[in-house]
Amino acid sequence: MEIWYEVTLLIIVYVLILFVIGISKADNGIMDIAWGLGFCFIALYSFAHYAQPTLRQLVITLCTFLWGTRLAIHLYNRNKNKPEDFRYANWRREWGSWFIVRSFFQVYGLQGLIMILIACPVFLVNYQSGKSLNFMDVIGIVLFMIGFYFEAKADKQLATFKRKPSNKGKILQTGLWKYSRHPNYFGEVVLWWGIFFMAMAGGWFFPAIISPAMITFLILKVSGVPMLERKYRNNSKYEAYVESTSAFFPKFWA
């Protein structure tokens with residue numbers, strides 16, 4: 001199917017450009033900011049080249065563009081004028097003389113591949129939309145809206161909290177962070193399941209199911225929740241927070 005080849009080529013070029021910029025600036029954190037924008041490029045490219053367009057194609061493209069743009073702006077504002085993120089800085093020390101090679105494959109190349117797999121419901125719907133809107137589309141749109149709200153609101157609450165010098169060393173435990181230790185990650189998982197439901201409504205179950213399954217696994221088991229939990233290990237304030245607050249799914253009851 002030509003759409004897979006075209007999207008793969010698009011992302012290869014994209015990550016190559018990012019790799020050159022990241023190495024020249026000695027900051028692989030550029031990949032975090034570029035992550036959401038990569039999905040925007042995939043959505044817009046597939047829509048422009050293949051969409052008829054149908055309402056489903058328009059909705060899924062707009063949802064992806066909204067999510068990717070907001071995330072990129074948020075991460076740019078969070079990271080500007082700051083040193084390289086602790087994850088990449090640690091790898092820079094650990095990888096030593098192999099840093100450039102391993103950066104290409106393990107930061108840029110790997111994330112480019114993951115980007116293609118997670119974005120597949122979007123470009124598959126734009127390639128072939130399927131039937132008119134149905135109840136599964138409604139479920140998908142609702143899930144996307146819930147997830148987007150959680151992610152955007154939680155990010156804003158955390159950014160506001162961190163801007164206050166008096167909060168240095170403290171743990172945010174109000175707003176959505178009162179109900180989940182990672183409400184932004186919860187939101188991201190939910191919205192991608194929403195996008196999957198829209199793809200399923202268009203006749204794409206396989207391979208579109210790869211997308212929400214992968215983002216759920218990565219956030220819960222690999223680079224999301226576990227990595228941040230390790231960062232705060234042996235922090236007495238965070239350990240108390242762990243005892244009182246759900247790790248992922250918001251718990252609105254006592």
# chains A, B, ... in the order shown; residues from 1 in each chain; ligands from 1
call {"tool": "closest_atom_pairs", "arguments": {"of": "region 15-132 of chain A", "to": "region 230-253 of chain A", "cutoff": "12 Å", "atoms": "only C-alpha atoms", "output": "tab-separated table"}}
result
residue	atom	partner	partner_atom	distance
A:Phe86	CA	A:Lys231	CA	9.5
A:Arg87	CA	A:Lys231	CA	9.9
A:Asn90	CA	A:Lys231	CA	12.0
call {"tool": "write_last_selection", "arguments": {"atoms": "N, CA and C atoms", "output": "compact mmCIF listing (two decimals), in the first residue's frame"}}
result
# COMPACT_ATOMS: atom_id res chain seq x y z
N PHE A 86 16.79 15.76 31.23
CA PHE A 86 17.61 14.84 32.01
C PHE A 86 17.77 13.48 31.34
N ARG A 87 16.76 13.03 30.60
CA ARG A 87 16.86 11.73 29.93
C ARG A 87 17.98 11.74 28.89
N ASN A 90 21.48 12.18 30.44
CA ASN A 90 21.98 10.92 31.00
C ASN A 90 22.53 10.01 29.90
call {"tool": "select_by_dssp", "arguments": {"residues": "region 63-153 of chain A", "states": "alpha helix (DSSP H)", "output": "ChimeraX atom specification"}}
result
/A:63-79,86-95,99-102,110-127,135-153
call {"tool": "closest_atom_pairs", "arguments": {"of": "region 112-227 of chain A", "to": "region 73-83 of chain A", "cutoff": "10 Å", "atoms": "only C-alpha atoms", "output": "Markdown table"}}
result
| residue | atom | partner | partner_atom | distance |
| --- | --- | --- | --- | --- |
| A:Ala152 | CA | A:His74 | CA | 8.8 |
| A:Asp155 | CA | A:His74 | CA | 7.8 |
| A:Lys156 | CA | A:His74 | CA | 8.4 |
| A:Ala159 | CA | A:Arg78 | CA | 7.5 |
| A:Lys162 | CA | A:Arg78 | CA | 9.9 |
call {"tool": "residues_around", "arguments": {"residues": "Ala119 (chain A)", "least_positions_apart": "6", "cutoff": "9 Å", "atoms": "only C-alpha atoms", "output": "count of residues only"}}
result
6
call {"tool": "residues_around", "arguments": {"residues": "region 105-112 of chain A", "least_positions_apart": "4", "cutoff": "9 Å", "atoms": "only C-alpha atoms", "output": "PDB file with C-alpha atoms, in the first residue's frame"}}
result
ATOM      1  CA  THR A   8       7.783   6.331   5.910  1.00  0.00           C
ATOM      2  CA  ILE A  11       9.331  10.692   8.390  1.00  0.00           C
ATOM      3  CA  ILE A  12      12.810   9.512   7.350  1.00  0.00           C
ATOM      4  CA  TYR A  14      11.924  14.610   8.901  1.00  0.00           C
ATOM      5  CA  VAL A  15      14.037  12.761  11.481  1.00  0.00           C
ATOM      6  CA  LEU A  16      17.218  13.210   9.427  1.00  0.00           C
ATOM      7  CA  LEU A  18      15.980  16.844  13.240  1.00  0.00           C
ATOM      8  CA  PHE A  19      19.063  14.693  13.846  1.00  0.00           C
ATOM      9  CA  ASN A  28      18.383  15.942  21.529  1.00  0.00           C
ATOM     10  CA  MET A  31      12.839  15.534  19.309  1.00  0.00           C
ATOM     11  CA  TRP A  35       7.178  14.727  18.159  1.00  0.00           C
ATOM     12  CA  GLY A  38       5.518  14.941  13.027  1.00  0.00           C
ATOM     13  CA  TYR A  88      18.967  12.835  26.984  1.00  0.00           C
ATOM     14  CA  ILE A 100      26.082  10.274  17.801  1.00  0.00           C
ATOM     15  CA  VAL A 101      25.420   6.806  16.373  1.00  0.00           C
ATOM     16  CA  ILE A 116       4.558   6.059  11.953  1.00  0.00           C
ATOM     17  CA  LEU A 117       2.943   3.161  13.827  1.00  0.00           C
TER      18      LEU A 117
END
call {"tool": "atom_distance", "arguments": {"atom1": "CA of Glu2 (chain A)", "atom2": "CA of Val125 (chain A)"}}
result
13.7 Å
call {"tool": "closest_residue", "arguments": {"among": "A:Met200, A:Ala89, A:Val7, A:Val189", "to": "Val138 (chain A)", "atoms": "only C-alpha atoms"}}
result
A:Met200
